[in-house]
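Heads up, the thing below is written out as structure tokens.
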Amino acid sequence: MSSRHVRRGAAAVAGVLLAAGLLSPGAHADPRSGSAADALRTSLGAQGIVEIDPATATVRRIARRDGFLTGPSPLAPERIVRAYLVRHRSVIGLDESEIAALVLRKDYVDIAGTHHLSFVQKVAGIEVLGAGIVAHVARDGHLIAINGAPVAGLPATAGHARVDASAARRAAVRDVSGDSAATLRTNAAETATFSDGGRVRQVVFPAVTGPRLAWEVITMDEGYLSVVDAADGTVLSRRSLKGEHHATTWENYPGAPVGGRQHPVDLSRWLPGSATKLDGNVAHAYSDVNGDDVAQAAEEVLPRPGTSFAYGFTDFSAEVGAPCSAQRQCSWNPAVPFSWQSNREQNTAQLFAYVGTWHDHLAAAPIGFTRAAGNFEARDGDAVRAESMDGADTAAGLPDGDHDNNANMTTPPDGMSPKLQMYLFTSSASVLAGNSGDAADIVYHELTHGLSDRLVVDATGNSTLNSPQAGAMYEAWSDWYGLSYLVDTGLEQDDPADGDVREGDYILNGRSVRSEAIDCPVGSTASICAGNPAAGTGGYTYGDYGKISSRNAPEIHADGEIWAQTLWDLRRALGSRTSLSLVTRAMELAPADPSFLDMRDAILLADRVAGNGRAQDGIWQVFAARGMGVAASTDGSADVTPTEDFTVPRS
Ligand SMILES: [Ca+2]
Ligand SMILES: [Ca+2]
Ligand SMILES: [Ca+2]
Ligand SMILES: [Ca+2]
Ligand SMILES: [Zn+2]
């Protein structure tokens, strides 16, 4: 585990953000600064460094590699610095009054006698977070270097806070899924202290849209420094103050054109700084290789000194051969017992990150699968038990037939942990020697079963997704939420062409685990939308129920394709955000054990509740085109021969 002194990089949230790199160019930037910077750089010689921060258009650094900026001087260090700033103000990016307004916060003299002067900026006495000038002056008065970057054009007043210090602290705690109950100790106008030793103080935050009044919140219980908007309580940034946890993960699958390469990620949102295994608020991930649903010590993944949970991926593609490729890499060799061990830690950390990512995605707007909605969190007693490589060692170092080529999620009522089991896939001509826990589409499919099982419930909180039509939607939602996310985030493409959004693309080497792609419209002539002959070509309609499975019998994954494709149409018609909102709200509004038509009606109702009825016509058009028009009928959720209809209500 890393040192407590190591600080994690700032994490920006909510689209607004910190980090100098995201600040908008200062409106007051001197248009001549480019030439002034060039002139100064020239005067400093070949080894001169003059950098302008592209975001603030103010100075980032002035120095030279072969000497100092000025000669020795008997003047006080602060005077040396201020004189230099004024002389080079067009490069600094501040005018004379802005330089005069810089406040010397600290003059630290190191044991060599060098002064390190920190100048901050203030608005009506309130410090501008992260902005200012740091200058270094040698003991004999040489100015060594200037570091920035300050903010130009600050307003004269900061306004008033509408959110108080305690509310700001609560927002910061909530944001990191914390549970601190620390109480207010002292409360002055602009600074409050709390019983955990933390502090809340007013600051001016340089946001993209301009400076805004905010609270800097330091929570010692949670170990974060957060910035909370004083107007509306939005968390503008956060940074962990604790030892950090990293993993190296991808977002899609190994070798994917987008999201296919490992890169460092910060696990600290989901893992306490003190964690010695992958066990946090949203999940406990371990490799249940013996398949007994218990985490034995050898199945845990431990952090490595210096690298935390960053485990590299071992590519087995060359060893296994086709269909493994650079674009879809294999993760073990089914011919070699225990070969999966090479990626055991990597895959478990990957799965942990997937579960955390999906928790956060579902919890946020517009879906809103929160604690109150019944999501999965350790503080409520129901973190996900995420079992990677489940049963990989149930047949002498290989998975037995009950532990391969699949994945599953078992979801008990709220308050009890679900169990997510990811299996290895054994290779064949068309199936990769891969791991379902490496594939975003499969992990998100399984976790979404937890969403629908927790939202479509009876009065006692038990899932009611039992009968065939409800079961078909249960499978469809899992594909739809996952693929929507992958397309929304650019990890997968939904081209104008039909049939390019496919569940199981990685593990089936470019094909789908379904009979058709999810983006197959009714009437499509694309070959991947040809479906089962019994159902006819093109995307499916309600009357195809029971005809989609290759066994020509009702089957929930197959019949679920009707619902999944319909929701994909809805997503196209209404947009991702609106359709996610309506489909989720409809789960909450639907009757127990719903039929497709019950759920169509719940979506219409959700639009009246959450969308003021704006989408009624669009919803009807989508459902009518899929045979769920106004005169469609079904004899309940258990009916596997519903009657389709393609008309919309007369207005
Ligand atoms: Ca076990
Ligand atoms: Ca298991
Ligand atoms: Ca819960
Ligand atoms: Ca498409
Ligand atoms: Zn499923």
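Each chain in the structure tokens gets a letter, A, B and so on, in the order shown; residues start at 1 in every chain, and ligands are counted from 1 in the order they appear.
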Just want the 8 Å neighbourhood of range 514-520 of chain A, counted on only C-alpha atoms, with same-chain residues fewer than 5 positions away dropped. Output as a compact mmCIF listing (two decimals) with all heavy atoms, in the first residue's frame.
# COMPACT_ATOMS: atom_id res chain seq x y z
N TRP A 480 -29.80 -3.84 -22.85
CA TRP A 480 -30.06 -2.46 -23.29
C TRP A 480 -29.32 -1.42 -22.45
O TRP A 480 -28.69 -0.50 -23.00
CB TRP A 480 -31.57 -2.21 -23.26
CG TRP A 480 -31.97 -0.85 -23.76
CD1 TRP A 480 -32.00 -0.42 -25.06
CD2 TRP A 480 -32.41 0.27 -22.97
NE1 TRP A 480 -32.43 0.89 -25.13
CE2 TRP A 480 -32.70 1.34 -23.86
CE3 TRP A 480 -32.60 0.47 -21.60
CZ2 TRP A 480 -33.15 2.58 -23.42
CZ3 TRP A 480 -33.06 1.70 -21.17
CH2 TRP A 480 -33.33 2.74 -22.07
N ASP A 494 -22.73 2.98 -32.73
CA ASP A 494 -23.98 2.63 -33.39
C ASP A 494 -24.00 3.42 -34.69
O ASP A 494 -24.48 4.54 -34.75
CB ASP A 494 -25.18 2.99 -32.52
CG ASP A 494 -26.50 2.63 -33.18
OD1 ASP A 494 -26.48 1.97 -34.25
OD2 ASP A 494 -27.56 3.00 -32.64
N ASP A 498 -27.39 -1.01 -39.99
CA ASP A 498 -28.07 -1.88 -39.05
C ASP A 498 -27.13 -2.97 -38.53
O ASP A 498 -26.28 -3.46 -39.26
CB ASP A 498 -29.27 -2.58 -39.73
CG ASP A 498 -30.29 -1.59 -40.27
OD1 ASP A 498 -30.27 -0.43 -39.82
OD2 ASP A 498 -31.08 -2.00 -41.14
N GLY A 499 -27.33 -3.35 -37.29
CA GLY A 499 -26.72 -4.58 -36.79
C GLY A 499 -25.29 -4.48 -36.30
O GLY A 499 -24.59 -5.48 -36.23
N ASP A 500 -24.85 -3.29 -35.91
CA ASP A 500 -23.47 -3.20 -35.44
C ASP A 500 -23.36 -3.07 -33.92
O ASP A 500 -22.27 -2.91 -33.39
CB ASP A 500 -22.73 -2.04 -36.12
CG ASP A 500 -23.43 -0.72 -35.96
OD1 ASP A 500 -24.67 -0.72 -35.86
OD2 ASP A 500 -22.75 0.31 -35.92
N VAL A 501 -24.47 -3.16 -33.20
CA VAL A 501 -24.42 -3.10 -31.73
C VAL A 501 -24.80 -4.48 -31.21
O VAL A 501 -25.96 -4.89 -31.24
CB VAL A 501 -25.36 -2.02 -31.18
CG1 VAL A 501 -25.20 -1.92 -29.67
CG2 VAL A 501 -25.07 -0.68 -31.84
N ARG A 502 -23.78 -5.21 -30.75
CA ARG A 502 -23.95 -6.63 -30.48
C ARG A 502 -23.54 -7.02 -29.08
O ARG A 502 -22.41 -6.79 -28.69
CB ARG A 502 -23.11 -7.44 -31.49
CG ARG A 502 -23.51 -7.22 -32.93
CD ARG A 502 -22.60 -7.97 -33.87
NE ARG A 502 -21.26 -7.38 -33.94
CZ ARG A 502 -20.85 -6.56 -34.91
NH1 ARG A 502 -21.65 -6.26 -35.90
NH2 ARG A 502 -19.63 -6.07 -34.89
N GLU A 503 -24.45 -7.61 -28.34
CA GLU A 503 -24.12 -8.15 -27.02
C GLU A 503 -23.21 -9.37 -27.21
O GLU A 503 -23.51 -10.26 -28.01
CB GLU A 503 -25.41 -8.57 -26.30
CG GLU A 503 -25.21 -9.18 -24.93
CD GLU A 503 -24.81 -8.15 -23.87
OE1 GLU A 503 -24.98 -6.94 -24.12
OE2 GLU A 503 -24.32 -8.57 -22.81
N ILE A 528 -27.18 -9.57 -40.59
CA ILE A 528 -27.13 -9.82 -39.15
C ILE A 528 -28.50 -9.59 -38.51
O ILE A 528 -28.73 -9.93 -37.36
CB ILE A 528 -26.06 -8.93 -38.46
CG1 ILE A 528 -25.76 -9.49 -37.07
CG2 ILE A 528 -26.48 -7.48 -38.43
CD1 ILE A 528 -24.54 -8.92 -36.41
N CYS A 529 -29.45 -9.05 -39.28
CA CYS A 529 -30.81 -8.85 -38.79
C CYS A 529 -31.78 -9.87 -39.41
O CYS A 529 -33.00 -9.66 -39.45
CB CYS A 529 -31.29 -7.43 -39.09
SG CYS A 529 -30.23 -6.14 -38.38
N ALA A 530 -31.22 -10.97 -39.90
CA ALA A 530 -32.07 -11.97 -40.56
C ALA A 530 -32.83 -12.83 -39.57
O ALA A 530 -33.88 -13.38 -39.88
CB ALA A 530 -31.22 -12.87 -41.47
N GLY A 531 -32.28 -12.95 -38.36
CA GLY A 531 -33.01 -13.65 -37.31
C GLY A 531 -33.32 -15.10 -37.61
O GLY A 531 -32.69 -15.75 -38.44
N ASN A 532 -34.32 -15.59 -36.91
CA ASN A 532 -34.77 -16.97 -37.10
C ASN A 532 -35.84 -16.98 -38.20
O ASN A 532 -36.76 -16.17 -38.18
CB ASN A 532 -35.36 -17.47 -35.78
CG ASN A 532 -35.74 -18.93 -35.85
OD1 ASN A 532 -36.05 -19.45 -36.92
ND2 ASN A 532 -35.74 -19.60 -34.72
N GLY A 538 -35.55 -9.21 -40.58
CA GLY A 538 -35.68 -7.87 -40.01
C GLY A 538 -35.90 -7.95 -38.51
O GLY A 538 -36.04 -9.03 -37.93
N GLY A 539 -35.89 -6.77 -37.88
CA GLY A 539 -36.05 -6.72 -36.42
C GLY A 539 -37.37 -7.35 -36.00
O GLY A 539 -38.30 -7.49 -36.79
N ILE A 548 -38.42 -17.03 -31.81
CA ILE A 548 -37.07 -16.51 -32.03
C ILE A 548 -35.98 -17.51 -31.67
O ILE A 548 -34.98 -17.64 -32.36
CB ILE A 548 -36.89 -15.18 -31.26
CG1 ILE A 548 -37.89 -14.15 -31.80
CG2 ILE A 548 -35.46 -14.67 -31.38
CD1 ILE A 548 -37.99 -12.89 -30.98
N SER A 549 -36.21 -18.25 -30.62
CA SER A 549 -35.22 -19.25 -30.21
C SER A 549 -35.05 -20.28 -31.32
O SER A 549 -36.02 -20.65 -31.99
CB SER A 549 -35.68 -19.95 -28.93
OG SER A 549 -34.93 -21.13 -28.74
N HIS A 557 -34.17 -15.20 -23.20
CA HIS A 557 -33.14 -14.38 -23.87
C HIS A 557 -33.57 -14.08 -25.30
O HIS A 557 -33.43 -12.96 -25.79
CB HIS A 557 -31.79 -15.08 -23.88
CG HIS A 557 -31.23 -15.35 -22.51
ND1 HIS A 557 -31.58 -16.47 -21.79
CD2 HIS A 557 -30.38 -14.65 -21.73
CE1 HIS A 557 -30.95 -16.45 -20.63
NE2 HIS A 557 -30.21 -15.34 -20.56
N ALA A 558 -34.11 -15.10 -25.98
CA ALA A 558 -34.52 -14.94 -27.38
C ALA A 558 -35.72 -13.99 -27.47
O ALA A 558 -35.70 -13.02 -28.23
CB ALA A 558 -34.87 -16.31 -27.98
N GLU A 561 -35.29 -10.30 -27.08
CA GLU A 561 -34.79 -9.47 -28.17
C GLU A 561 -35.85 -8.52 -28.72
O GLU A 561 -35.54 -7.42 -29.19
CB GLU A 561 -34.21 -10.35 -29.29
CG GLU A 561 -32.95 -11.09 -28.86
CD GLU A 561 -32.30 -11.83 -30.02
OE1 GLU A 561 -31.98 -11.18 -31.02
OE2 GLU A 561 -32.13 -13.07 -29.92
N ALA A 564 -35.74 -5.67 -26.24
CA ALA A 564 -34.46 -4.93 -26.32
C ALA A 564 -34.41 -4.07 -27.58
O ALA A 564 -34.02 -2.90 -27.53
CB ALA A 564 -33.29 -5.91 -26.31
N GLN A 565 -34.83 -4.63 -28.71
CA GLN A 565 -34.82 -3.84 -29.96
C GLN A 565 -35.84 -2.70 -29.89
O GLN A 565 -35.60 -1.60 -30.41
CB GLN A 565 -35.13 -4.74 -31.16
CG GLN A 565 -34.00 -5.73 -31.46
CD GLN A 565 -34.33 -6.64 -32.63
OE1 GLN A 565 -35.47 -6.70 -33.10
NE2 GLN A 565 -33.34 -7.38 -33.10
N TRP A 568 -34.30 -0.04 -27.97
CA TRP A 568 -33.27 0.64 -28.78
C TRP A 568 -33.94 1.66 -29.72
O TRP A 568 -33.43 2.77 -29.91
CB TRP A 568 -32.45 -0.38 -29.58
CG TRP A 568 -31.11 0.19 -29.96
CD1 TRP A 568 -30.75 0.70 -31.17
CD2 TRP A 568 -29.97 0.35 -29.11
NE1 TRP A 568 -29.45 1.16 -31.13
CE2 TRP A 568 -28.94 0.95 -29.88
CE3 TRP A 568 -29.70 0.03 -27.77
CZ2 TRP A 568 -27.69 1.25 -29.36
CZ3 TRP A 568 -28.45 0.32 -27.25
CH2 TRP A 568 -27.46 0.93 -28.04
N ASP A 569 -35.09 1.29 -30.27
CA ASP A 569 -35.87 2.26 -31.08
C ASP A 569 -36.27 3.46 -30.22
O ASP A 569 -36.22 4.61 -30.66
CB ASP A 569 -37.15 1.61 -31.62
CG ASP A 569 -36.90 0.58 -32.71
OD1 ASP A 569 -35.76 0.50 -33.22
OD2 ASP A 569 -37.85 -0.15 -33.05
Rows by chain and residue number, chain A within 9 Å of ligand 3, shortest pair, only C-alpha atoms and all ligand atoms, as a tab-separated table:
residue	atom	partner	partner_atom_place_in_ligand_line	distance
A:Thr370	CA	ligand 3	1 (Ca)	8.3
A:Arg371	CA	ligand 3	1 (Ca)	5.5
A:Ala372	CA	ligand 3	1 (Ca)	7.6
A:Ala373	CA	ligand 3	1 (Ca)	7.7
A:Gly374	CA	ligand 3	1 (Ca)	4.3
A:Asn375	CA	ligand 3	1 (Ca)	4.3
A:Phe376	CA	ligand 3	1 (Ca)	4.3
A:Glu377	CA	ligand 3	1 (Ca)	5.6
A:Ala378	CA	ligand 3	1 (Ca)	7.9
A:Arg379	CA	ligand 3	1 (Ca)	8.3
A:Asp380	CA	ligand 3	1 (Ca)	5.3
A:Gly381	CA	ligand 3	1 (Ca)	6.8
A:Asp382	CA	ligand 3	1 (Ca)	5.3
A:Ala383	CA	ligand 3	1 (Ca)	7.5
A:Pro413	CA	ligand 3	1 (Ca)	8.3
A:Asp414	CA	ligand 3	1 (Ca)	4.7
A:Gly415	CA	ligand 3	1 (Ca)	4.8
A:Met416	CA	ligand 3	1 (Ca)	7.2
A:Ser417	CA	ligand 3	1 (Ca)	7.9
A:Arg454	CA	ligand 3	1 (Ca)	8.9
Residue neighbourhood Thr348 in chain A, 6 Å, only C-alpha atoms, exclusion window fewer than 3 positions, as an MDAnalysis selection string: chainID A and resid 345 351 388
Output of the above residues as a compact mmCIF listing (two decimals), in the first residue's frame, restricted to all heavy atoms:
# COMPACT_ATOMS: atom_id res chain seq x y z
N GLU A 345 -5.19 -11.91 -10.53
CA GLU A 345 -5.26 -10.62 -9.84
C GLU A 345 -5.77 -9.52 -10.77
O GLU A 345 -6.61 -8.72 -10.41
CB GLU A 345 -3.89 -10.21 -9.28
CG GLU A 345 -3.42 -11.08 -8.13
CD GLU A 345 -2.42 -12.12 -8.55
OE1 GLU A 345 -2.42 -12.51 -9.75
OE2 GLU A 345 -1.62 -12.56 -7.69
N LEU A 351 -12.64 -6.56 -12.56
CA LEU A 351 -14.05 -6.77 -12.21
C LEU A 351 -14.49 -5.81 -11.11
O LEU A 351 -15.58 -5.24 -11.17
CB LEU A 351 -14.25 -8.23 -11.75
CG LEU A 351 -15.69 -8.62 -11.40
CD1 LEU A 351 -16.62 -8.47 -12.60
CD2 LEU A 351 -15.73 -10.07 -10.88
N SER A 388 -14.76 -13.44 -9.45
CA SER A 388 -14.09 -13.58 -10.74
C SER A 388 -13.65 -15.02 -10.94
O SER A 388 -13.49 -15.77 -9.97
CB SER A 388 -12.86 -12.66 -10.79
OG SER A 388 -11.91 -13.06 -9.84
Option closest in space to ligand 2, from A:Tyr253, A:Trp270, A:Trp215, A:Tyr286 [counting only C-alpha atoms and all ligand atoms]: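 Of all the options, A:Tyr286 lies closest to ligand 2.
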Who sits within 9 Å of Tyr542 in chain A, only C-alpha atoms, same chain under 4 positions skipped, as a PyMOL selection string: chain A and resi 559+562-563+596+626-628+632+641-645
Grab the residues selected above and save them as a PDB file, in the first residue's frame with N, CA, C and O atoms.
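Dumped to selection.pdb:
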ATOM      1  N   ASP A 559     -36.763 -14.269 -26.713  1.00  0.00           N
ATOM      2  CA  ASP A 559     -37.945 -13.410 -26.785  1.00  0.00           C
ATOM      3  C   ASP A 559     -37.644 -12.005 -26.252  1.00  0.00           C
ATOM      4  O   ASP A 559     -38.293 -11.032 -26.652  1.00  0.00           O
ATOM      5  N   ILE A 562     -37.120  -8.946 -28.663  1.00  0.00           N
ATOM      6  CA  ILE A 562     -38.206  -8.057 -29.119  1.00  0.00           C
ATOM      7  C   ILE A 562     -38.197  -6.790 -28.260  1.00  0.00           C
ATOM      8  O   ILE A 562     -38.248  -5.667 -28.761  1.00  0.00           O
ATOM      9  N   TRP A 563     -38.108  -6.997 -26.960  1.00  0.00           N
ATOM     10  CA  TRP A 563     -38.140  -5.864 -26.026  1.00  0.00           C
ATOM     11  C   TRP A 563     -36.875  -5.017 -26.133  1.00  0.00           C
ATOM     12  O   TRP A 563     -36.924  -3.792 -26.157  1.00  0.00           O
ATOM     13  N   PHE A 596     -45.248  -7.351 -21.523  1.00  0.00           N
ATOM     14  CA  PHE A 596     -44.690  -6.270 -22.340  1.00  0.00           C
ATOM     15  C   PHE A 596     -45.655  -5.079 -22.384  1.00  0.00           C
ATOM     16  O   PHE A 596     -45.238  -3.924 -22.332  1.00  0.00           O
ATOM     17  N   ARG A 626     -43.489  -1.950 -33.363  1.00  0.00           N
ATOM     18  CA  ARG A 626     -43.022  -3.267 -32.914  1.00  0.00           C
ATOM     19  C   ARG A 626     -44.186  -4.195 -32.559  1.00  0.00           C
ATOM     20  O   ARG A 626     -44.017  -5.196 -31.852  1.00  0.00           O
ATOM     21  N   GLY A 627     -45.389  -3.850 -33.027  1.00  0.00           N
ATOM     22  CA  GLY A 627     -46.535  -4.739 -32.799  1.00  0.00           C
ATOM     23  C   GLY A 627     -47.183  -4.576 -31.449  1.00  0.00           C
ATOM     24  O   GLY A 627     -48.035  -5.386 -31.054  1.00  0.00           O
ATOM     25  N   MET A 628     -46.783  -3.551 -30.703  1.00  0.00           N
ATOM     26  CA  MET A 628     -47.385  -3.296 -29.389  1.00  0.00           C
ATOM     27  C   MET A 628     -48.237  -2.030 -29.451  1.00  0.00           C
ATOM     28  O   MET A 628     -48.191  -1.168 -28.597  1.00  0.00           O
ATOM     29  N   ALA A 632     -53.041  -4.176 -29.566  1.00  0.00           N
ATOM     30  CA  ALA A 632     -52.325  -5.413 -29.236  1.00  0.00           C
ATOM     31  C   ALA A 632     -52.905  -5.980 -27.946  1.00  0.00           C
ATOM     32  O   ALA A 632     -53.426  -5.241 -27.109  1.00  0.00           O
ATOM     33  N   THR A 641     -48.184 -16.386 -26.670  1.00  0.00           N
ATOM     34  CA  THR A 641     -48.711 -16.143 -28.021  1.00  0.00           C
ATOM     35  C   THR A 641     -49.542 -14.855 -28.017  1.00  0.00           C
ATOM     36  O   THR A 641     -50.741 -14.870 -28.299  1.00  0.00           O
ATOM     37  N   PRO A 642     -48.896 -13.729 -27.678  1.00  0.00           N
ATOM     38  CA  PRO A 642     -49.640 -12.466 -27.656  1.00  0.00           C
ATOM     39  C   PRO A 642     -50.058 -12.056 -29.072  1.00  0.00           C
ATOM     40  O   PRO A 642     -49.470 -12.529 -30.048  1.00  0.00           O
ATOM     41  N   THR A 643     -51.053 -11.169 -29.142  1.00  0.00           N
ATOM     42  CA  THR A 643     -51.558 -10.705 -30.433  1.00  0.00           C
ATOM     43  C   THR A 643     -51.002  -9.314 -30.733  1.00  0.00           C
ATOM     44  O   THR A 643     -51.143  -8.395 -29.923  1.00  0.00           O
ATOM     45  N   GLU A 644     -50.373  -9.174 -31.889  1.00  0.00           N
ATOM     46  CA  GLU A 644     -49.761  -7.886 -32.186  1.00  0.00           C
ATOM     47  C   GLU A 644     -50.692  -6.962 -32.958  1.00  0.00           C
ATOM     48  O   GLU A 644     -51.669  -7.388 -33.573  1.00  0.00           O
ATOM     49  N   ASP A 645     -50.351  -5.692 -32.897  1.00  0.00           N
ATOM     50  CA  ASP A 645     -51.134  -4.659 -33.587  1.00  0.00           C
ATOM     51  C   ASP A 645     -50.201  -3.478 -33.849  1.00  0.00           C
ATOM     52  O   ASP A 645     -49.337  -3.179 -33.023  1.00  0.00           O
TER      53      ASP A 645
END
Range 598-614 of chain A environment, 9 Å, only C-alpha atoms, sequence neighbours closer than 3 positions dropped, as a PyMOL selection string: chain A and resi 578+581-591+594-595+617-620+623+628+636-637
Exercise: range 59-63 of chain A partners within 6 Å, only C-alpha atoms, chain neighbours under 5 positions left out, as a PyMOL selection string: chain A and resi 49-53+92+145-149
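Nearest-residue note for Gln346 in chain A: choosing from A:Glu190, A:Glu492, A:Asp639, A:Asp438, the minimum distance belongs to A:Asp438, counting only C-alpha atoms.
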Within 12 Å of ligand 2, counting only C-alpha atoms and all ligand atoms, residues as a VMD selection string: chain A and resid 285 to 296 299 385 to 394 399 402 to 404 407 to 410 418 to 423
Which of A:Ala83, A:Ala298, A:Ala256, A:Val384 sits closest to ligand 1 [using only C-alpha atoms and all ligand atoms]: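 Going through A:Ala83, A:Ala298, A:Ala256, A:Val384 one by one, the smallest distance to ligand 1 is for A:Ala298.
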